[in-house]
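Chemist: For reference, this is run_18.cif, and it has mmCIF, C-alpha atoms.
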data_final
loop_
_atom_site.group_PDB
_atom_site.id
_atom_site.type_symbol
_atom_site.label_atom_id
_atom_site.label_comp_id
_atom_site.auth_asym_id
_atom_site.auth_seq_id
_atom_site.Cartn_x
_atom_site.Cartn_y
_atom_site.Cartn_z
ATOM 1 C CA MET A 1 90.076 129.055 143.786
ATOM 2 C CA GLU A 2 90.314 125.847 141.799
ATOM 3 C CA ASN A 3 88.071 122.992 142.961
ATOM 4 C CA LYS A 4 90.376 120.306 144.208
ATOM 5 C CA ASN A 5 89.206 117.303 146.151
ATOM 6 C CA THR A 6 91.874 115.193 147.785
ATOM 7 C CA PHE A 7 91.391 111.782 149.258
ATOM 8 C CA GLU A 8 93.797 108.957 149.868
ATOM 9 C CA ILE A 9 93.060 105.268 150.199
ATOM 10 C CA PHE A 10 95.418 103.277 152.418
ATOM 11 C CA ASN A 11 95.683 99.530 152.847
ATOM 12 C CA GLU A 12 96.951 98.679 156.314
ATOM 13 C CA THR A 13 96.165 94.969 155.924
ATOM 14 C CA SER A 14 98.064 92.041 154.465
ATOM 15 C CA CYS A 15 95.385 91.627 151.744
ATOM 16 C CA ASP A 16 96.041 92.576 148.129
ATOM 17 C CA LEU A 17 93.407 95.263 147.563
ATOM 18 C CA GLU A 18 94.905 97.018 144.549
ATOM 19 C CA GLU A 19 91.920 96.345 142.256
ATOM 20 C CA GLU A 20 89.366 97.161 144.971
ATOM 21 C CA MET A 21 91.166 100.425 145.761
ATOM 22 C CA LYS A 22 91.191 101.411 142.065
ATOM 23 C CA GLN A 23 87.454 100.735 141.743
ATOM 24 C CA LEU A 24 86.743 102.567 144.990
ATOM 25 C CA ARG A 25 88.708 105.622 143.821
ATOM 26 C CA GLU A 26 86.527 105.819 140.682
ATOM 27 C CA PHE A 27 83.331 105.508 142.734
ATOM 28 C CA ILE A 28 84.367 108.116 145.304
ATOM 29 C CA ASP A 29 85.368 110.546 142.524
ATOM 30 C CA PHE A 30 81.835 110.057 141.140
ATOM 31 C CA VAL A 31 80.230 110.618 144.577
ATOM 32 C CA LEU A 32 82.166 113.850 145.109
ATOM 33 C CA LYS A 33 80.961 115.168 141.727
ATOM 34 C CA GLU A 34 77.366 114.036 142.322
ATOM 35 C CA GLU A 35 77.289 115.718 145.725
ATOM 36 C CA LYS A 36 78.944 118.850 144.279
ATOM 37 C CA LEU A 37 81.624 118.718 146.943
ATOM 38 C CA GLU A 38 84.503 121.124 146.493
ATOM 39 C CA ASN A 39 87.891 121.338 148.179
ATOM 40 C CA VAL A 40 87.404 118.440 150.560
ATOM 41 C CA GLU A 41 90.110 116.230 152.033
ATOM 42 C CA PHE A 42 89.688 112.874 153.729
ATOM 43 C CA ASN A 43 91.186 109.399 153.962
ATOM 44 C CA ILE A 44 89.843 105.884 153.590
ATOM 45 C CA ILE A 45 91.885 103.293 155.474
ATOM 46 C CA PHE A 46 91.446 99.534 155.162
ATOM 47 C CA ILE A 47 92.222 97.671 158.375
ATOM 48 C CA ASP A 48 91.538 94.214 159.811
ATOM 49 C CA ASN A 49 89.045 93.016 162.434
ATOM 50 C CA PRO A 50 91.429 93.109 165.421
ATOM 51 C CA ARG A 51 92.310 96.745 164.706
ATOM 52 C CA ILE A 52 88.734 97.914 164.138
ATOM 53 C CA HIS A 53 87.620 95.960 167.229
ATOM 54 C CA GLU A 54 90.182 97.893 169.280
ATOM 55 C CA MET A 55 89.038 101.220 167.776
ATOM 56 C CA ASN A 56 85.368 100.385 168.332
ATOM 57 C CA LEU A 57 86.052 99.600 171.988
ATOM 58 C CA THR A 58 88.287 102.619 172.556
ATOM 59 C CA TYR A 59 86.190 105.267 170.817
ATOM 60 C CA ARG A 60 82.649 103.917 170.976
ATOM 61 C CA GLY A 61 82.726 101.600 174.001
ATOM 62 C CA VAL A 62 81.525 98.676 171.860
ATOM 63 C CA ASP A 63 83.479 95.445 172.463
ATOM 64 C CA ARG A 64 83.294 93.862 169.008
ATOM 65 C CA PRO A 65 84.543 94.444 165.480
ATOM 66 C CA THR A 66 82.421 96.650 163.244
ATOM 67 C CA ASP A 67 82.465 97.250 159.500
ATOM 68 C CA VAL A 68 83.174 100.988 159.263
ATOM 69 C CA ILE A 69 84.078 103.810 161.637
ATOM 70 C CA SER A 70 84.269 107.469 160.635
ATOM 71 C CA PHE A 71 86.133 110.160 162.521
ATOM 72 C CA ALA A 72 84.873 113.590 161.497
ATOM 73 C CA LEU A 73 87.243 116.528 161.774
ATOM 74 C CA GLU A 74 84.826 119.155 160.573
ATOM 75 C CA ASP A 75 83.085 119.731 163.886
ATOM 76 C CA ASN A 76 84.810 123.118 164.235
ATOM 77 C CA LYS A 77 83.533 125.067 161.253
ATOM 78 C CA THR A 78 85.147 128.340 162.368
ATOM 79 C CA ILE A 79 88.455 127.427 160.731
ATOM 80 C CA ASP A 80 88.477 128.462 157.072
ATOM 81 C CA LEU A 81 91.500 127.120 155.255
ATOM 82 C CA GLY A 82 89.780 127.154 151.879
ATOM 83 C CA ILE A 83 89.461 123.383 152.184
ATOM 84 C CA ARG A 84 87.193 121.143 154.202
ATOM 85 C CA LEU A 85 89.144 118.613 156.239
ATOM 86 C CA LEU A 86 86.463 115.960 156.599
ATOM 87 C CA GLY A 87 88.290 113.215 158.508
ATOM 88 C CA ASP A 88 89.042 109.518 158.215
ATOM 89 C CA ILE A 89 86.999 106.473 157.278
ATOM 90 C CA TYR A 90 88.228 103.099 158.559
ATOM 91 C CA ILE A 91 86.865 100.000 156.841
ATOM 92 C CA SER A 92 87.396 96.459 158.115
ATOM 93 C CA ILE A 93 88.234 94.365 155.068
ATOM 94 C CA ASP A 94 87.442 91.239 157.119
ATOM 95 C CA LYS A 95 83.923 92.495 157.879
ATOM 96 C CA ALA A 96 83.461 93.685 154.277
ATOM 97 C CA LYS A 97 84.289 90.197 152.990
ATOM 98 C CA GLU A 98 81.994 88.529 155.559
ATOM 99 C CA GLN A 99 79.101 90.874 154.765
ATOM 100 C CA ALA A 100 79.499 90.546 150.996
ATOM 101 C CA VAL A 101 79.019 86.778 151.391
ATOM 102 C CA SER A 102 76.238 87.179 153.951
ATOM 103 C CA TYR A 103 74.294 89.671 151.790
ATOM 104 C CA GLY A 104 75.002 87.782 148.574
ATOM 105 C CA HIS A 105 76.666 90.586 146.668
ATOM 106 C CA SER A 106 80.164 91.465 145.469
ATOM 107 C CA LEU A 107 83.031 92.700 147.600
ATOM 108 C CA LYS A 108 83.101 95.767 145.320
ATOM 109 C CA ARG A 109 79.524 96.593 146.305
ATOM 110 C CA GLU A 110 80.161 96.076 150.008
ATOM 111 C CA ILE A 111 83.312 98.212 150.023
ATOM 112 C CA SER A 112 81.560 100.932 148.004
ATOM 113 C CA PHE A 113 78.591 100.863 150.379
ATOM 114 C CA LEU A 114 80.810 101.117 153.470
ATOM 115 C CA ALA A 115 82.901 103.921 151.958
ATOM 116 C CA VAL A 116 79.902 106.045 150.948
ATOM 117 C CA HIS A 117 78.294 105.325 154.335
ATOM 118 C CA GLY A 118 81.428 106.561 156.074
ATOM 119 C CA LEU A 119 81.690 109.604 153.797
ATOM 120 C CA LEU A 120 78.094 110.589 154.489
ATOM 121 C CA HIS A 121 78.860 110.410 158.219
ATOM 122 C CA LEU A 122 81.811 112.764 157.656
ATOM 123 C CA LEU A 123 79.402 115.127 155.890
ATOM 124 C CA GLY A 124 77.065 115.176 158.893
ATOM 125 C CA TYR A 125 74.519 112.501 157.995
ATOM 126 C CA ASP A 126 73.472 110.055 160.694
ATOM 127 C CA HIS A 127 71.002 107.247 161.317
ATOM 128 C CA MET A 128 70.155 107.595 164.990
ATOM 129 C CA THR A 129 66.456 108.159 164.254
ATOM 130 C CA GLU A 130 64.185 106.458 161.742
ATOM 131 C CA GLU A 131 63.906 109.698 159.747
ATOM 132 C CA GLU A 132 67.690 110.248 159.650
ATOM 133 C CA GLU A 133 68.212 106.627 158.630
ATOM 134 C CA LYS A 134 65.726 106.951 155.767
ATOM 135 C CA VAL A 135 67.466 110.079 154.422
ATOM 136 C CA MET A 136 70.985 108.656 154.736
ATOM 137 C CA PHE A 137 70.235 105.166 153.420
ATOM 138 C CA THR A 138 68.208 106.549 150.496
ATOM 139 C CA LYS A 139 71.144 108.780 149.495
ATOM 140 C CA GLN A 140 73.596 105.863 149.786
ATOM 141 C CA GLU A 141 71.462 103.651 147.603
ATOM 142 C CA GLU A 142 70.886 106.391 145.002
ATOM 143 C CA LEU A 143 74.642 106.993 144.655
ATOM 144 C CA LEU A 144 75.372 103.273 144.334
ATOM 145 C CA GLN A 145 72.609 102.843 141.737
ATOM 146 C CA LYS A 146 73.714 105.865 139.682
ATOM 147 C CA PHE A 147 77.220 104.376 139.478
ATOM 148 C CA GLN A 148 75.639 101.000 138.603
ATOM 149 C CA ILE A 149 76.838 99.212 141.717
ATOM 150 C CA THR A 150 73.961 96.856 142.348
ATOM 151 C CA ARG A 151 73.310 93.953 144.670
#
Please render this file's structure as C-alpha cells.

Modeler:
Amino acid sequence: MENKNTFEIFNETSCDLEEEMKQLREFIDFVLKEEKLENVEFNIIFIDNPRIHEMNLTYRGVDRPTDVISFALEDNKTIDLGIRLLGDIYISIDKAKEQAVSYGHSLKREISFLAVHGLLHLLGYDHMTEEEEKVMFTKQEELLQKFQITR
C-alpha cells in the first residue's frame, strides 16, 4: 500500500491565517517524515479563546481557555482500516498570539510548537509525570530545531 498521510488545517476564526497555515503544513509534513509515520489522518483546527474555553470546560472540567486540546481517536487499535485515524488538534489562535508575545518568539514558532505538541498527544505521548514530560518535550524541541524553528 502506498504511504499516504492526510491532514487538514482549518481556520474557524475571523483571523487571516493563510501564511501561518502554509508554514504549518510544511512543518507538519516534515514531522511526519521525521517520525516515519505512514497512512495517518488527522486535523488541525484553529479556533478562538471563547470556543476553546468552552471545550476545555466541557471535556476537561477546566474553566479557562487553554492553548491546545487534542482529541485522540486511536484508542481502539483493533480496527484496521489500513490507515491510522489519529484525531483532532484544536489550537486557540488567541492564546498562540498571547504566548508568542509572552515568550518573546514568533507566532510561527508558537503555532508550530502547539501543533507538534498536539500531534505527539495524538500519538500517545503525555506529560503527566516528570519522565513523560522530559521525553515529550525533548522530542518537540528536537523536531522544531531540525526544521530550524527557533526561539

Chemist: Quick one, how far is atom CA of A:Thr6 from atom CA of A:His53?

Modeler: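 Between atom CA of A:Thr6 and atom CA of A:His53 the gap works out to 27.7 Å.
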
Chemist: Determine the residue membership of the PyMOL selection byres ((chain A and resi 41) around 7) for the file above and supply it as an MDAnalysis selection string.

Modeler: chainID A and resid 5:7 39:40 42 84:86

Chemist: Mind giving me the axis-aligned box for stretch 84-102 of chain A with 8 Å on every side, centre plus edges in Å to one decimal, as JSON?

Modeler:
{"center_x": 82.7, "center_y": 104.0, "center_z": 154.8, "size_x": 28.9, "size_y": 50.4, "size_z": 23.6}

Chemist: What's the 9 Å shell around A:Leu120, counting only C-alpha atoms, without same-chain residues fewer than 4 positions away, as a ChimeraX atom specification?

Modeler: /A:115-116,124-126,136,139-140

Chemist: Provide the atom CA of A:Glu130 to atom CA of A:His117 distance in Å, to one decimal place.

Modeler: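 Going from atom CA of A:Glu130 over to atom CA of A:His117 covers 16.0 Å.
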
Chemist: What is the atom CA of A:Ser70-atom CA of A:Asp88 distance in Å, reported with one decimal?

Modeler: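 Between these atoms lies a distance of 5.7 Å.
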
Chemist: Which residue out of A:Leu114, A:Arg109, A:Leu122, A:Ile89 has the minimum interatomic distance to A:Thr150 when only C-alpha atoms are used?

Modeler: A:Arg109

Chemist: Restricting the calculation to all atoms listed in the file: of A:Ser14, A:Ala72, A:Val31, A:Thr129, which residue gets closest to A:Phe113?

Modeler: A:Val31

Chemist: Taking the file as I've supplied it (selection: the PyMOL selection byres ((chain A and resi 93-108) around 12)), which residues are included? Please answer as an MDAnalysis selection string.

Modeler: chainID A and resid 10:27 44:53 64:69 90:92 109:115 144 147:151

Chemist: N, CA, C and O atoms are needed for stretch 93-119 of chain A; please write them out as a PDB file, keeping the file's coordinate frame.

Modeler:
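Result file selection22.pdb:
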ATOM      1  N   ILE A  93      88.325  95.213 156.260  1.00  0.00           N
ATOM      2  CA  ILE A  93      88.234  94.365 155.068  1.00  0.00           C
ATOM      3  C   ILE A  93      87.684  92.990 155.445  1.00  0.00           C
ATOM      4  O   ILE A  93      86.960  92.372 154.659  1.00  0.00           O
ATOM      5  N   ASP A  94      87.980  92.529 156.661  1.00  0.00           N
ATOM      6  CA  ASP A  94      87.442  91.239 157.119  1.00  0.00           C
ATOM      7  C   ASP A  94      85.915  91.287 157.176  1.00  0.00           C
ATOM      8  O   ASP A  94      85.230  90.390 156.677  1.00  0.00           O
ATOM      9  N   LYS A  95      85.383  92.346 157.789  1.00  0.00           N
ATOM     10  CA  LYS A  95      83.923  92.495 157.879  1.00  0.00           C
ATOM     11  C   LYS A  95      83.310  92.681 156.492  1.00  0.00           C
ATOM     12  O   LYS A  95      82.242  92.156 156.205  1.00  0.00           O
ATOM     13  N   ALA A  96      83.977  93.454 155.630  1.00  0.00           N
ATOM     14  CA  ALA A  96      83.461  93.685 154.277  1.00  0.00           C
ATOM     15  C   ALA A  96      83.332  92.359 153.534  1.00  0.00           C
ATOM     16  O   ALA A  96      82.317  92.104 152.872  1.00  0.00           O
ATOM     17  N   LYS A  97      84.335  91.503 153.658  1.00  0.00           N
ATOM     18  CA  LYS A  97      84.289  90.197 152.990  1.00  0.00           C
ATOM     19  C   LYS A  97      83.175  89.332 153.565  1.00  0.00           C
ATOM     20  O   LYS A  97      82.415  88.704 152.816  1.00  0.00           O
ATOM     21  N   GLU A  98      83.057  89.307 154.897  1.00  0.00           N
ATOM     22  CA  GLU A  98      81.994  88.529 155.559  1.00  0.00           C
ATOM     23  C   GLU A  98      80.616  89.002 155.100  1.00  0.00           C
ATOM     24  O   GLU A  98      79.741  88.200 154.783  1.00  0.00           O
ATOM     25  N   GLN A  99      80.413  90.321 155.091  1.00  0.00           N
ATOM     26  CA  GLN A  99      79.101  90.874 154.765  1.00  0.00           C
ATOM     27  C   GLN A  99      78.771  90.707 153.285  1.00  0.00           C
ATOM     28  O   GLN A  99      77.609  90.501 152.946  1.00  0.00           O
ATOM     29  N   ALA A 100      79.763  90.767 152.423  1.00  0.00           N
ATOM     30  CA  ALA A 100      79.499  90.546 150.996  1.00  0.00           C
ATOM     31  C   ALA A 100      78.931  89.143 150.799  1.00  0.00           C
ATOM     32  O   ALA A 100      77.954  88.956 150.062  1.00  0.00           O
ATOM     33  N   VAL A 101      79.514  88.161 151.476  1.00  0.00           N
ATOM     34  CA  VAL A 101      79.019  86.778 151.391  1.00  0.00           C
ATOM     35  C   VAL A 101      77.633  86.681 152.026  1.00  0.00           C
ATOM     36  O   VAL A 101      76.697  86.142 151.439  1.00  0.00           O
ATOM     37  N   SER A 102      77.496  87.245 153.211  1.00  0.00           N
ATOM     38  CA  SER A 102      76.238  87.179 153.951  1.00  0.00           C
ATOM     39  C   SER A 102      75.083  87.818 153.184  1.00  0.00           C
ATOM     40  O   SER A 102      73.970  87.299 153.168  1.00  0.00           O
ATOM     41  N   TYR A 103      75.332  88.967 152.532  1.00  0.00           N
ATOM     42  CA  TYR A 103      74.294  89.671 151.790  1.00  0.00           C
ATOM     43  C   TYR A 103      74.172  89.203 150.349  1.00  0.00           C
ATOM     44  O   TYR A 103      73.298  89.662 149.616  1.00  0.00           O
ATOM     45  N   GLY A 104      75.087  88.345 149.915  1.00  0.00           N
ATOM     46  CA  GLY A 104      75.002  87.782 148.574  1.00  0.00           C
ATOM     47  C   GLY A 104      75.329  88.767 147.464  1.00  0.00           C
ATOM     48  O   GLY A 104      74.747  88.697 146.385  1.00  0.00           O
ATOM     49  N   HIS A 105      76.237  89.690 147.731  1.00  0.00           N
ATOM     50  CA  HIS A 105      76.666  90.586 146.668  1.00  0.00           C
ATOM     51  C   HIS A 105      78.193  90.656 146.627  1.00  0.00           C
ATOM     52  O   HIS A 105      78.872  90.024 147.422  1.00  0.00           O
ATOM     53  N   SER A 106      78.717  91.428 145.693  1.00  0.00           N
ATOM     54  CA  SER A 106      80.164  91.465 145.469  1.00  0.00           C
ATOM     55  C   SER A 106      80.890  92.237 146.565  1.00  0.00           C
ATOM     56  O   SER A 106      80.311  93.088 147.249  1.00  0.00           O
ATOM     57  N   LEU A 107      82.180  91.944 146.681  1.00  0.00           N
ATOM     58  CA  LEU A 107      83.031  92.700 147.600  1.00  0.00           C
ATOM     59  C   LEU A 107      83.092  94.161 147.155  1.00  0.00           C
ATOM     60  O   LEU A 107      83.087  95.065 147.990  1.00  0.00           O
ATOM     61  N   LYS A 108      83.098  94.397 145.848  1.00  0.00           N
ATOM     62  CA  LYS A 108      83.101  95.767 145.320  1.00  0.00           C
ATOM     63  C   LYS A 108      81.891  96.542 145.855  1.00  0.00           C
ATOM     64  O   LYS A 108      82.023  97.681 146.289  1.00  0.00           O
ATOM     65  N   ARG A 109      80.726  95.912 145.828  1.00  0.00           N
ATOM     66  CA  ARG A 109      79.524  96.593 146.305  1.00  0.00           C
ATOM     67  C   ARG A 109      79.607  96.865 147.800  1.00  0.00           C
ATOM     68  O   ARG A 109      79.278  97.946 148.268  1.00  0.00           O
ATOM     69  N   GLU A 110      80.080  95.899 148.561  1.00  0.00           N
ATOM     70  CA  GLU A 110      80.161  96.076 150.008  1.00  0.00           C
ATOM     71  C   GLU A 110      81.152  97.180 150.373  1.00  0.00           C
ATOM     72  O   GLU A 110      80.856  98.038 151.205  1.00  0.00           O
ATOM     73  N   ILE A 111      82.317  97.175 149.751  1.00  0.00           N
ATOM     74  CA  ILE A 111      83.312  98.212 150.023  1.00  0.00           C
ATOM     75  C   ILE A 111      82.773  99.585 149.620  1.00  0.00           C
ATOM     76  O   ILE A 111      82.932 100.561 150.352  1.00  0.00           O
ATOM     77  N   SER A 112      82.132  99.662 148.468  1.00  0.00           N
ATOM     78  CA  SER A 112      81.560 100.932 148.004  1.00  0.00           C
ATOM     79  C   SER A 112      80.492 101.423 148.965  1.00  0.00           C
ATOM     80  O   SER A 112      80.435 102.613 149.301  1.00  0.00           O
ATOM     81  N   PHE A 113      79.637 100.513 149.419  1.00  0.00           N
ATOM     82  CA  PHE A 113      78.591 100.863 150.379  1.00  0.00           C
ATOM     83  C   PHE A 113      79.210 101.404 151.671  1.00  0.00           C
ATOM     84  O   PHE A 113      78.803 102.453 152.173  1.00  0.00           O
ATOM     85  N   LEU A 114      80.200 100.691 152.206  1.00  0.00           N
ATOM     86  CA  LEU A 114      80.810 101.117 153.470  1.00  0.00           C
ATOM     87  C   LEU A 114      81.519 102.456 153.321  1.00  0.00           C
ATOM     88  O   LEU A 114      81.452 103.310 154.210  1.00  0.00           O
ATOM     89  N   ALA A 115      82.187 102.660 152.185  1.00  0.00           N
ATOM     90  CA  ALA A 115      82.901 103.921 151.958  1.00  0.00           C
ATOM     91  C   ALA A 115      81.931 105.093 151.847  1.00  0.00           C
ATOM     92  O   ALA A 115      82.149 106.149 152.454  1.00  0.00           O
ATOM     93  N   VAL A 116      80.845 104.935 151.084  1.00  0.00           N
ATOM     94  CA  VAL A 116      79.902 106.045 150.948  1.00  0.00           C
ATOM     95  C   VAL A 116      79.157 106.262 152.269  1.00  0.00           C
ATOM     96  O   VAL A 116      78.874 107.403 152.649  1.00  0.00           O
ATOM     97  N   HIS A 117      78.907 105.207 153.008  1.00  0.00           N
ATOM     98  CA  HIS A 117      78.294 105.325 154.335  1.00  0.00           C
ATOM     99  C   HIS A 117      79.193 106.162 155.243  1.00  0.00           C
ATOM    100  O   HIS A 117      78.744 107.112 155.886  1.00  0.00           O
ATOM    101  N   GLY A 118      80.473 105.816 155.255  1.00  0.00           N
ATOM    102  CA  GLY A 118      81.428 106.561 156.074  1.00  0.00           C
ATOM    103  C   GLY A 118      81.554 108.010 155.627  1.00  0.00           C
ATOM    104  O   GLY A 118      81.620 108.928 156.459  1.00  0.00           O
ATOM    105  N   LEU A 119      81.581 108.242 154.316  1.00  0.00           N
ATOM    106  CA  LEU A 119      81.690 109.604 153.797  1.00  0.00           C
ATOM    107  C   LEU A 119      80.473 110.442 154.184  1.00  0.00           C
ATOM    108  O   LEU A 119      80.605 111.610 154.586  1.00  0.00           O
TER     109      LEU A 119
END
